[in-house]
Structures are given as structure tokens and as C-alpha cells.
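Participant: Data file upload-v3.tsv (TSV, N, CA and C atoms) is appended below.
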chain	number	residue	atom	x	y	z
W	1	MET	N	17.09	20.80	9.60
W	1	MET	CA	15.75	20.54	9.11
W	1	MET	C	14.78	20.78	10.27
W	2	SER	N	13.74	21.51	10.00
W	2	SER	CA	12.81	21.87	11.07
W	2	SER	C	11.71	20.82	11.23
W	3	ALA	N	11.00	20.93	12.32
W	3	ALA	CA	9.91	20.01	12.60
W	3	ALA	C	8.80	20.15	11.55
W	4	VAL	N	8.59	21.35	11.08
W	4	VAL	CA	7.55	21.59	10.09
W	4	VAL	C	7.90	20.89	8.78
W	5	THR	N	9.15	20.95	8.39
W	5	THR	CA	9.59	20.30	7.15
W	5	THR	C	9.42	18.79	7.23
W	6	ILE	N	9.80	18.22	8.35
W	6	ILE	CA	9.67	16.77	8.53
W	6	ILE	C	8.20	16.37	8.50
W	7	GLN	N	7.35	17.16	9.15
W	7	GLN	CA	5.91	16.86	9.16
W	7	GLN	C	5.32	17.00	7.76
W	8	GLN	N	5.78	17.97	6.99
W	8	GLN	CA	5.30	18.14	5.62
W	8	GLN	C	5.70	16.95	4.76
W	9	MET	N	6.92	16.44	4.97
W	9	MET	CA	7.36	15.25	4.23
W	9	MET	C	6.48	14.06	4.56
W	10	ALA	N	6.20	13.86	5.84
W	10	ALA	CA	5.36	12.74	6.26
W	10	ALA	C	3.95	12.89	5.71
W	11	ASP	N	3.42	14.09	5.72
W	11	ASP	CA	2.08	14.32	5.18
W	11	ASP	C	2.03	14.06	3.67
W	12	ARG	N	3.09	14.44	2.97
W	12	ARG	CA	3.13	14.23	1.51
W	12	ARG	C	3.15	12.74	1.19
W	13	ILE	N	3.93	11.96	1.94
W	13	ILE	CA	3.98	10.51	1.72
W	13	ILE	C	2.64	9.88	2.08
W	14	ALA	N	2.01	10.35	3.15
W	14	ALA	CA	0.70	9.83	3.54
W	14	ALA	C	-0.34	10.13	2.46
W	15	ASP	N	-0.28	11.32	1.89
W	15	ASP	CA	-1.21	11.67	0.81
W	15	ASP	C	-0.98	10.80	-0.43
W	16	LEU	N	0.28	10.57	-0.77
W	16	LEU	CA	0.59	9.71	-1.92
W	16	LEU	C	0.10	8.28	-1.69
W	17	MET	N	0.24	7.79	-0.46
W	17	MET	CA	-0.22	6.43	-0.16
W	17	MET	C	-1.74	6.34	-0.30
W	18	GLU	N	-2.43	7.37	0.14
W	18	GLU	CA	-3.89	7.36	0.03
W	18	GLU	C	-4.32	7.47	-1.43
W	19	GLU	N	-3.63	8.30	-2.18
W	19	GLU	CA	-3.98	8.53	-3.58
W	19	GLU	C	-3.64	7.33	-4.47
W	20	ARG	N	-2.46	6.79	-4.32
W	20	ARG	CA	-1.98	5.74	-5.22
W	20	ARG	C	-2.36	4.33	-4.77
W	21	LEU	N	-2.33	4.08	-3.46
W	21	LEU	CA	-2.60	2.73	-2.95
W	21	LEU	C	-3.99	2.58	-2.36
W	22	ASN	N	-4.72	3.70	-2.25
W	22	ASN	CA	-6.06	3.70	-1.67
W	22	ASN	C	-6.05	3.16	-0.24
W	23	VAL	N	-5.05	3.58	0.53
W	23	VAL	CA	-4.91	3.16	1.92
W	23	VAL	C	-5.43	4.29	2.79
W	24	ARG	N	-6.44	4.02	3.57
W	24	ARG	CA	-7.02	5.03	4.45
W	24	ARG	C	-6.40	4.92	5.84
W	25	GLY	N	-6.43	6.01	6.56
W	25	GLY	CA	-5.93	5.99	7.92
W	25	GLY	C	-5.65	7.39	8.41
W	26	LYS	N	-5.33	7.48	9.69
W	26	LYS	CA	-5.05	8.76	10.31
W	26	LYS	C	-3.54	8.90	10.43
W	27	GLY	N	-2.92	9.58	9.53
W	27	GLY	CA	-1.49	9.79	9.61
W	27	GLY	C	-0.69	8.69	8.93
W	28	LEU	N	0.59	8.95	8.83
W	28	LEU	CA	1.48	8.05	8.10
W	28	LEU	C	1.67	6.72	8.83
W	29	THR	N	1.75	6.74	10.13
W	29	THR	CA	1.99	5.50	10.89
W	29	THR	C	0.90	4.48	10.62
W	30	GLU	N	-0.34	4.89	10.70
W	30	GLU	CA	-1.46	3.98	10.48
W	30	GLU	C	-1.55	3.53	9.02
W	31	LYS	N	-1.24	4.43	8.10
W	31	LYS	CA	-1.30	4.06	6.69
W	31	LYS	C	-0.22	3.05	6.33
W	32	VAL	N	0.96	3.19	6.90
W	32	VAL	CA	2.03	2.22	6.65
W	32	VAL	C	1.64	0.86	7.20
W	33	ARG	N	1.03	0.85	8.37
W	33	ARG	CA	0.59	-0.41	8.98
W	33	ARG	C	-0.48	-1.08	8.12
W	34	LYS	N	-1.40	-0.29	7.61
W	34	LYS	CA	-2.47	-0.86	6.79
W	34	LYS	C	-2.00	-1.27	5.40
W	35	ALA	N	-0.99	-0.59	4.88
W	35	ALA	CA	-0.49	-0.92	3.55
W	35	ALA	C	0.15	-2.30	3.52
W	36	GLY	N	0.86	-2.66	4.56
W	36	GLY	CA	1.44	-3.99	4.67
W	36	GLY	C	2.21	-4.42	3.45
W	37	ARG	N	1.75	-5.46	2.78
W	37	ARG	CA	2.47	-6.04	1.65
W	37	ARG	C	2.32	-5.26	0.35
W	38	LEU	N	1.51	-4.21	0.37
W	38	LEU	CA	1.40	-3.38	-0.84
W	38	LEU	C	2.70	-2.63	-1.11
W	39	LEU	N	3.50	-2.46	-0.06
W	39	LEU	CA	4.77	-1.77	-0.19
W	39	LEU	C	5.91	-2.78	-0.09
W	40	PRO	N	6.93	-2.62	-0.92
W	40	PRO	CA	8.12	-3.47	-0.77
W	40	PRO	C	8.78	-3.18	0.58
W	41	ARG	N	9.57	-4.12	1.07
W	41	ARG	CA	10.18	-3.99	2.39
W	41	ARG	C	11.01	-2.71	2.51
W	42	ARG	N	11.80	-2.42	1.49
W	42	ARG	CA	12.67	-1.25	1.52
W	42	ARG	C	11.85	0.03	1.66
W	43	VAL	N	10.75	0.12	0.94
W	43	VAL	CA	9.90	1.31	0.99
W	43	VAL	C	9.15	1.37	2.32
W	44	ARG	N	8.67	0.22	2.78
W	44	ARG	CA	7.95	0.18	4.05
W	44	ARG	C	8.85	0.62	5.21
W	45	LEU	N	10.10	0.15	5.22
W	45	LEU	CA	11.04	0.55	6.28
W	45	LEU	C	11.36	2.04	6.20
W	46	ALA	N	11.50	2.56	4.99
W	46	ALA	CA	11.76	3.99	4.83
W	46	ALA	C	10.56	4.81	5.32
W	47	ALA	N	9.36	4.35	5.04
W	47	ALA	CA	8.16	5.05	5.50
W	47	ALA	C	8.05	4.99	7.02
W	48	GLU	N	8.43	3.86	7.60
W	48	GLU	CA	8.41	3.75	9.07
W	48	GLU	C	9.43	4.70	9.69
W	49	ARG	N	10.63	4.83	9.08
W	49	ARG	CA	11.63	5.76	9.59
W	49	ARG	C	11.12	7.19	9.50
W	50	LEU	N	10.47	7.52	8.40
W	50	LEU	CA	9.93	8.87	8.22
W	50	LEU	C	8.81	9.14	9.23
W	51	SER	N	7.98	8.14	9.46
W	51	SER	CA	6.91	8.28	10.44
W	51	SER	C	7.46	8.48	11.84
W	52	ASP	N	8.50	7.73	12.17
W	52	ASP	CA	9.14	7.86	13.48
W	52	ASP	C	9.76	9.24	13.63
W	53	ALA	N	10.39	9.73	12.59
W	53	ALA	CA	10.98	11.07	12.64
W	53	ALA	C	9.91	12.14	12.81
W	54	ALA	N	8.76	11.95	12.17
W	54	ALA	CA	7.67	12.92	12.31
W	54	ALA	C	7.15	12.94	13.74
W	55	GLU	N	7.07	11.76	14.35
W	55	GLU	CA	6.62	11.70	15.75
W	55	GLU	C	7.65	12.34	16.68
W	56	ARG	N	8.92	12.07	16.43
W	56	ARG	CA	9.97	12.65	17.27
W	56	ARG	C	10.08	14.15	17.10
W	57	SER	N	9.75	14.65	15.92
W	57	SER	CA	9.91	16.08	15.67
W	57	SER	C	8.93	16.93	16.48
W	58	LYS	N	7.94	16.30	17.06
W	58	LYS	CA	6.97	17.03	17.88
W	58	LYS	C	7.58	17.45	19.21
W	59	ASN	N	8.64	16.77	19.63
W	59	ASN	CA	9.31	17.08	20.88
W	59	ASN	C	10.62	17.82	20.57
W	60	PRO	N	10.80	19.02	21.09
W	60	PRO	CA	12.00	19.81	20.74
W	60	PRO	C	13.32	19.12	21.09
W	61	LYS	N	13.36	18.39	22.19
W	61	LYS	CA	14.61	17.72	22.57
W	61	LYS	C	14.90	16.54	21.65
W	62	LEU	N	13.87	15.83	21.25
W	62	LEU	CA	14.07	14.69	20.35
W	62	LEU	C	14.34	15.14	18.92
W	63	LEU	N	13.91	16.35	18.58
W	63	LEU	CA	14.16	16.88	17.25
W	63	LEU	C	15.65	16.98	16.97
W	64	LEU	N	16.43	17.26	17.99
W	64	LEU	CA	17.88	17.39	17.81
W	64	LEU	C	18.54	16.05	17.52
W	65	GLN	N	17.89	14.94	17.85
W	65	GLN	CA	18.46	13.62	17.66
W	65	GLN	C	18.16	13.04	16.28
W	66	ILE	N	17.33	13.70	15.51
W	66	ILE	CA	16.93	13.18	14.20
W	66	ILE	C	18.05	13.41	13.19
W	67	ASP	N	18.39	12.36	12.47
W	67	ASP	CA	19.40	12.45	11.41
W	67	ASP	C	18.72	12.93	10.13
W	68	GLU	N	19.07	14.12	9.70
W	68	GLU	CA	18.41	14.74	8.55
W	68	GLU	C	18.67	13.99	7.26
W	69	ALA	N	19.85	13.41	7.12
W	69	ALA	CA	20.18	12.67	5.90
W	69	ALA	C	19.32	11.43	5.78
W	70	VAL	N	19.08	10.75	6.89
W	70	VAL	CA	18.24	9.55	6.88
W	70	VAL	C	16.80	9.92	6.53
W	71	VAL	N	16.31	11.02	7.07
W	71	VAL	CA	14.95	11.47	6.79
W	71	VAL	C	14.81	11.83	5.31
W	72	ALA	N	15.79	12.54	4.78
W	72	ALA	CA	15.73	12.94	3.36
W	72	ALA	C	15.81	11.71	2.45
W	73	ALA	N	16.68	10.76	2.80
W	73	ALA	CA	16.79	9.54	1.99
W	73	ALA	C	15.51	8.72	2.06
W	74	SER	N	14.92	8.62	3.23
W	74	SER	CA	13.66	7.88	3.39
W	74	SER	C	12.55	8.52	2.57
W	75	TYR	N	12.49	9.84	2.60
W	75	TYR	CA	11.48	10.55	1.81
W	75	TYR	C	11.67	10.29	0.32
W	76	ASP	N	12.92	10.32	-0.14
W	76	ASP	CA	13.21	10.08	-1.55
W	76	ASP	C	12.79	8.67	-1.97
W	77	VAL	N	13.12	7.67	-1.15
W	77	VAL	CA	12.77	6.28	-1.48
W	77	VAL	C	11.26	6.12	-1.58
W	78	CYS	N	10.55	6.66	-0.61
W	78	CYS	CA	9.09	6.53	-0.60
W	78	CYS	C	8.45	7.27	-1.77
W	79	SER	N	8.87	8.50	-1.99
W	79	SER	CA	8.23	9.29	-3.04
W	79	SER	C	8.53	8.71	-4.42
W	80	LYS	N	9.75	8.24	-4.66
W	80	LYS	CA	10.07	7.65	-5.97
W	80	LYS	C	9.22	6.42	-6.24
W	81	HIS	N	9.02	5.59	-5.22
W	81	HIS	CA	8.22	4.38	-5.43
W	81	HIS	C	6.75	4.71	-5.63
W	82	LEU	N	6.22	5.61	-4.80
W	82	LEU	CA	4.79	5.90	-4.86
W	82	LEU	C	4.39	6.68	-6.11
W	83	VAL	N	5.29	7.51	-6.62
W	83	VAL	CA	4.98	8.28	-7.83
W	83	VAL	C	4.89	7.35	-9.04
W	84	LYS	N	5.66	6.27	-9.04
W	84	LYS	CA	5.65	5.33	-10.17
W	84	LYS	C	4.36	4.52	-10.26
W	85	ILE	N	3.64	4.37	-9.17
W	85	ILE	CA	2.44	3.53	-9.14
W	85	ILE	C	1.31	4.23	-9.88
W	86	ASP	N	0.69	3.50	-10.80
W	86	ASP	CA	-0.47	4.02	-11.52
W	86	ASP	C	-1.72	3.40	-10.90
W	87	ALA	N	-2.50	4.23	-10.24
W	87	ALA	CA	-3.67	3.73	-9.52
W	87	ALA	C	-4.71	3.13	-10.47
W	88	GLY	N	-4.88	3.70	-11.63
W	88	GLY	CA	-5.87	3.20	-12.58
W	88	GLY	C	-5.55	1.81	-13.09
W	89	SER	N	-4.31	1.57	-13.45
W	89	SER	CA	-3.95	0.24	-13.94
W	89	SER	C	-3.98	-0.79	-12.81
W	90	ARG	N	-3.68	-0.35	-11.59
W	90	ARG	CA	-3.75	-1.25	-10.44
W	90	ARG	C	-5.20	-1.70	-10.20
W	91	ARG	N	-6.12	-0.75	-10.28
W	91	ARG	CA	-7.54	-1.10	-10.12
W	91	ARG	C	-8.02	-1.99	-11.25
W	92	MET	N	-7.61	-1.69	-12.47
W	92	MET	CA	-8.02	-2.49	-13.62
W	92	MET	C	-7.50	-3.91	-13.49
W	93	GLY	N	-6.29	-4.07	-13.03
W	93	GLY	CA	-5.74	-5.40	-12.81
W	93	GLY	C	-6.53	-6.17	-11.77
W	94	MET	N	-6.95	-5.49	-10.72
W	94	MET	CA	-7.74	-6.13	-9.68
W	94	MET	C	-9.11	-6.57	-10.22
W	95	VAL	N	-9.73	-5.70	-11.01
W	95	VAL	CA	-11.04	-6.03	-11.60
W	95	VAL	C	-10.90	-7.20	-12.57
W	96	LEU	N	-9.87	-7.17	-13.42
W	96	LEU	CA	-9.67	-8.27	-14.36
W	96	LEU	C	-9.34	-9.58	-13.65
W	97	GLY	N	-8.62	-9.50	-12.57
W	97	GLY	CA	-8.33	-10.70	-11.79
W	97	GLY	C	-9.59	-11.32	-11.20
W	98	MET	N	-10.47	-10.48	-10.67
W	98	MET	CA	-11.73	-10.99	-10.12
W	98	MET	C	-12.61	-11.55	-11.22
W	99	ALA	N	-12.67	-10.87	-12.36
W	99	ALA	CA	-13.48	-11.35	-13.48
W	99	ALA	C	-12.96	-12.69	-13.99
W	100	GLY	N	-11.65	-12.85	-14.03
W	100	GLY	CA	-11.08	-14.12	-14.46
W	100	GLY	C	-11.39	-15.25	-13.50
W	101	SER	N	-11.34	-14.98	-12.20
W	101	SER	CA	-11.65	-16.04	-11.24
W	101	SER	C	-13.13	-16.41	-11.28
W	102	VAL	N	-14.02	-15.43	-11.48
W	102	VAL	CA	-15.45	-15.73	-11.59
W	102	VAL	C	-15.71	-16.55	-12.85
W	103	ALA	N	-15.07	-16.18	-13.96
W	103	ALA	CA	-15.25	-16.93	-15.20
W	103	ALA	C	-14.74	-18.36	-15.05
W	104	GLY	N	-13.62	-18.53	-14.38
W	104	GLY	CA	-13.09	-19.88	-14.15
W	104	GLY	C	-14.02	-20.72	-13.30
W	105	LEU	N	-14.59	-20.13	-12.27
W	105	LEU	CA	-15.53	-20.86	-11.42
W	105	LEU	C	-16.80	-21.22	-12.18
W	106	LEU	N	-17.31	-20.31	-13.00
W	106	LEU	CA	-18.50	-20.61	-13.80
W	106	LEU	C	-18.21	-21.75	-14.78
W	107	LEU	N	-17.06	-21.75	-15.39
W	107	LEU	CA	-16.68	-22.82	-16.30
W	107	LEU	C	-16.61	-24.15	-15.56
W	108	ALA	N	-16.04	-24.14	-14.36
W	108	ALA	CA	-15.94	-25.37	-13.58
W	108	ALA	C	-17.32	-25.90	-13.20
W	109	VAL	N	-18.24	-25.02	-12.83
W	109	VAL	CA	-19.59	-25.45	-12.47
W	109	VAL	C	-20.32	-26.00	-13.69
W	110	MET	N	-20.14	-25.37	-14.85
W	110	MET	CA	-20.80	-25.86	-16.07
W	110	MET	C	-20.26	-27.23	-16.47
W	111	VAL	N	-18.97	-27.43	-16.36
W	111	VAL	CA	-18.38	-28.73	-16.68
W	111	VAL	C	-18.89	-29.79	-15.71
W	112	LEU	N	-18.94	-29.45	-14.43
W	112	LEU	CA	-19.44	-30.39	-13.42
W	112	LEU	C	-20.91	-30.74	-13.69
W	113	ALA	N	-21.72	-29.74	-14.05
W	113	ALA	CA	-23.12	-30.01	-14.36
W	113	ALA	C	-23.25	-30.91	-15.59
W	114	ALA	N	-22.42	-30.68	-16.61
W	114	ALA	CA	-22.46	-31.51	-17.82
W	114	ALA	C	-22.05	-32.94	-17.49
W	115	VAL	N	-21.06	-33.11	-16.62
W	115	VAL	CA	-20.62	-34.46	-16.23
W	115	VAL	C	-21.73	-35.18	-15.48
W	116	VAL	N	-22.38	-34.48	-14.56
W	116	VAL	CA	-23.47	-35.10	-13.80
W	116	VAL	C	-24.62	-35.48	-14.74
W	117	LEU	N	-24.98	-34.60	-15.67
W	117	LEU	CA	-26.04	-34.92	-16.63
W	117	LEU	C	-25.66	-36.10	-17.51
W	118	TYR	N	-24.41	-36.21	-17.89
W	118	TYR	CA	-23.97	-37.34	-18.70
W	118	TYR	C	-24.06	-38.65	-17.93
W	119	TRP	N	-23.63	-38.62	-16.65
W	119	TRP	CA	-23.70	-39.83	-15.82
W	119	TRP	C	-25.14	-40.28	-15.60
W	120	ARG	N	-26.03	-39.30	-15.49
W	120	ARG	CA	-27.43	-39.63	-15.25
W	120	ARG	C	-28.14	-40.10	-16.53
W	121	GLY	N	-27.51	-39.89	-17.66
W	121	GLY	CA	-28.08	-40.36	-18.92
W	121	GLY	C	-28.93	-39.33	-19.64
W	122	TYR	N	-28.89	-38.08	-19.24
W	122	TYR	CA	-29.67	-37.04	-19.91
W	122	TYR	C	-28.95	-36.49	-21.14
W	123	LEU	N	-27.66	-36.73	-21.27
W	123	LEU	CA	-26.92	-36.23	-22.43
W	123	LEU	C	-26.42	-37.37	-23.27
Please rewrite the model in this file as C-alpha cells.

Facilitator:
Amino acid sequence: MSAVTIQQMADRIADLMEERLNVRGKGLTEKVRKAGRLLPRRVRLAAERLSDAAERSKNPKLLLQIDEAVVAASYDVCSKHLVKIDAGSRRMGMVLGMAGSVAGLLLAVMVLAAVVLYWRGYL
């Protein structure tokens, strides 16, 4: 496996992370760090291995030490997980979660105001 192939794999995973998880950054290493808990441990470790291989592939002597099977397996794990993620439903879930928490807080404030008005004798 050549250095170009490994770099293309890392770039593809970085693009998928930006597209599906909306994680910004310069390169795969930074995107994996910023993604944090958005990725399961297994996928995060695979992405870190792929990122490390991409960094090592820049040096010709270190390129010979890279295990191609591990790189291919890491790429498969990352791509399978990231392709399954639907960015639209993830965003909708986040919006609905925020709307639900705002509605809950408004309900709590209205109940508290009604209780205070009742204690004061206005209701």
C-alpha cells in the first residue's frame, strides 16, 4: 500500500466526519480529537490508527513499518460507521431536544408564577 493510498483513505474519513458529524478541523487527527464522544470507542480508535498511519506514511522509512491489514481494517470500521449516520435526522433530533427543554422550562416558570399568584391571593 502506498503513501498516497493511505493519505486518500485518511482524507476520505476526514471528509465523512465533516459531512456527517459536522466536525471541523485541519486533517483527520484534529477532527478525531474534536469528535470525542460523537464516535464510539471502537471507531475512534480505528480513526486514530488511520491518522497515525497517514502521518507515518509521509516518511519513507516509517512507511515500511505500517501494517496494511490494520490500515485497511481501520478504514473499513470508520467508513461503515460514518456512512450509516444520517446528518439530517441527527440535526432534527438536536433541534427537537432543545425545543423540548425550552418548553419544559417555560412550563416550570408558568407553574411557579401560578403558585406565587395563588399564595399572594390573586387567584

Participant: Counting only N, CA and C atoms, which residue out of W:Val115, W:Met98, W:Leu50, W:Val32 sits closest to Val71 in chain W?

Facilitator: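 Of W:Val115, W:Met98, W:Leu50, W:Val32, the one nearest Val71 in chain W is W:Leu50, counting only N, CA and C atoms.
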
Participant: Which is closer to Leu38 in chain W than all the others in W:Leu107, W:Leu21, W:Ala99, W:Ala72, using all atoms listed in the file?

Facilitator: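 Nearest candidate to Leu38 in chain W out of W:Leu107, W:Leu21, W:Ala99, W:Ala72: W:Leu21.
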
Participant: Going by DSSP on the backbone, which bits of chain W are helix (DSSP H, G or I)? Write them as a VMD selection string, please.

Facilitator: chain W and resid 3 to 21 27 to 38 41 to 56 60 to 63 68 to 84 87 to 120

Participant: Which one is closest to Val70 in chain W: W:Ala35, W:Arg49, W:Leu105, W:Ala113? Count only C-alpha atoms.

Facilitator: W:Arg49

Participant: Show me a table, sorted first by chain and then by increasing residue number, of the residues of range 19-102 of chain W having an atom at most 7 Å from range 2-6 of chain W, each with its shortest atom pair and the distance in Å to one decimal, counting only N, CA and C atoms and written as CSV.

Facilitator:
residue,atom,partner,partner_atom,distance
W:Ala53,C,W:Ile6,C,6.3
W:Ala54,CA,W:Ile6,C,5.2
W:Ser57,CA,W:Ala3,CA,5.0
W:Lys58,N,W:Ala3,CA,6.1

Participant: Work out how far atom N of Ser51 in chain W is from atom N of Thr29 in chain W, in Å to one decimal.

Facilitator: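 These two atoms are separated by 6.4 Å.
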
Participant: If I take atom N of Ala108 in chain W and CA of Leu96 in chain W, how far is one from the other in Å, to one decimal?

Facilitator: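 For atom N of Ala108 in chain W relative to CA of Leu96 in chain W, the distance reads 17.1 Å.
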
Participant: Counting only C-alpha atoms, figure out which residue out of W:Leu39, W:Arg24, W:Glu30, W:Leu123 gets nearest to His81 in chain W.

Facilitator: W:Leu39

Participant: Measure the distance from CA of Glu19 in chain W to CA of Ile66 in chain W in Å and round it to one decimal.

Facilitator: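 Separation of CA of Glu19 in chain W and CA of Ile66 in chain W: 27.8 Å.
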
Participant: Would it be fine to have range 55-65 of chain W, with all heavy atoms, given as a short mmCIF file (atom, residue, chain, number, x, y, z; two decimals), in the first residue's frame?

Facilitator:
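Done, and the output landed in decode_10.cif:
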data_model
loop_
_atom_site.label_atom_id
_atom_site.label_comp_id
_atom_site.auth_asym_id
_atom_site.auth_seq_id
_atom_site.Cartn_x
_atom_site.Cartn_y
_atom_site.Cartn_z
N GLU W 55 0.19 9.87 9.08
CA GLU W 55 1.36 10.67 9.49
C GLU W 55 2.65 9.91 9.21
O GLU W 55 3.63 10.49 8.76
CB GLU W 55 1.26 11.04 10.97
CG GLU W 55 0.19 12.06 11.28
CD GLU W 55 0.43 13.39 10.62
OE1 GLU W 55 1.61 13.84 10.58
OE2 GLU W 55 -0.53 13.98 10.12
N ARG W 56 2.66 8.62 9.51
CA ARG W 56 3.87 7.82 9.28
C ARG W 56 4.17 7.65 7.80
O ARG W 56 5.33 7.49 7.42
CB ARG W 56 3.71 6.44 9.90
CG ARG W 56 3.83 6.42 11.38
CD ARG W 56 3.70 5.01 11.87
NE ARG W 56 3.93 4.93 13.29
CZ ARG W 56 4.28 3.83 13.91
NH1 ARG W 56 4.42 2.72 13.24
NH2 ARG W 56 4.47 3.85 15.21
N SER W 57 3.14 7.65 6.97
CA SER W 57 3.35 7.42 5.55
C SER W 57 4.10 8.57 4.87
O SER W 57 4.59 8.40 3.76
CB SER W 57 2.02 7.18 4.84
OG SER W 57 1.26 8.37 4.81
N LYS W 58 4.21 9.68 5.55
CA LYS W 58 4.94 10.82 4.98
C LYS W 58 6.45 10.58 5.00
O LYS W 58 7.18 11.21 4.26
CB LYS W 58 4.60 12.09 5.74
CG LYS W 58 3.16 12.51 5.56
CD LYS W 58 2.83 13.72 6.39
CE LYS W 58 1.36 14.07 6.24
NZ LYS W 58 0.96 15.18 7.11
N ASN W 59 6.90 9.68 5.86
CA ASN W 59 8.32 9.35 5.97
C ASN W 59 8.56 8.00 5.28
O ASN W 59 7.95 7.00 5.66
CB ASN W 59 8.72 9.26 7.44
CG ASN W 59 10.19 9.08 7.65
OD1 ASN W 59 10.90 8.58 6.78
ND2 ASN W 59 10.67 9.49 8.81
N PRO W 60 9.43 7.94 4.29
CA PRO W 60 9.63 6.68 3.55
C PRO W 60 10.08 5.51 4.41
O PRO W 60 9.69 4.37 4.18
CB PRO W 60 10.70 7.03 2.53
CG PRO W 60 10.66 8.51 2.40
CD PRO W 60 10.20 9.03 3.73
N LYS W 61 10.90 5.76 5.42
CA LYS W 61 11.37 4.66 6.27
C LYS W 61 10.26 4.16 7.18
O LYS W 61 10.16 2.96 7.44
CB LYS W 61 12.56 5.11 7.12
CG LYS W 61 13.83 5.26 6.32
CD LYS W 61 15.01 5.55 7.22
CE LYS W 61 16.28 5.67 6.39
NZ LYS W 61 17.44 5.92 7.25
N LEU W 62 9.42 5.06 7.66
CA LEU W 62 8.32 4.65 8.52
C LEU W 62 7.19 4.00 7.73
O LEU W 62 6.40 3.23 8.28
CB LEU W 62 7.79 5.84 9.32
CG LEU W 62 8.73 6.44 10.35
CD1 LEU W 62 8.09 7.64 11.02
CD2 LEU W 62 9.12 5.40 11.38
N LEU W 63 7.12 4.31 6.44
CA LEU W 63 6.10 3.72 5.58
C LEU W 63 6.23 2.21 5.54
O LEU W 63 5.24 1.48 5.48
CB LEU W 63 6.19 4.30 4.17
CG LEU W 63 5.22 3.75 3.13
CD1 LEU W 63 3.79 4.05 3.53
CD2 LEU W 63 5.52 4.35 1.77
N LEU W 64 7.45 1.71 5.62
CA LEU W 64 7.69 0.27 5.57
C LEU W 64 7.20 -0.43 6.84
O LEU W 64 6.97 -1.64 6.83
CB LEU W 64 9.17 0.00 5.37
CG LEU W 64 9.77 0.55 4.08
CD1 LEU W 64 11.27 0.34 4.06
CD2 LEU W 64 9.11 -0.09 2.87
N GLN W 65 7.03 0.30 7.93
CA GLN W 65 6.61 -0.28 9.20
C GLN W 65 5.09 -0.34 9.35
O GLN W 65 4.60 -0.93 10.30
CB GLN W 65 7.19 0.52 10.37
CG GLN W 65 8.69 0.49 10.43
CD GLN W 65 9.22 1.36 11.55
OE1 GLN W 65 8.46 2.02 12.26
NE2 GLN W 65 10.53 1.38 11.69
#
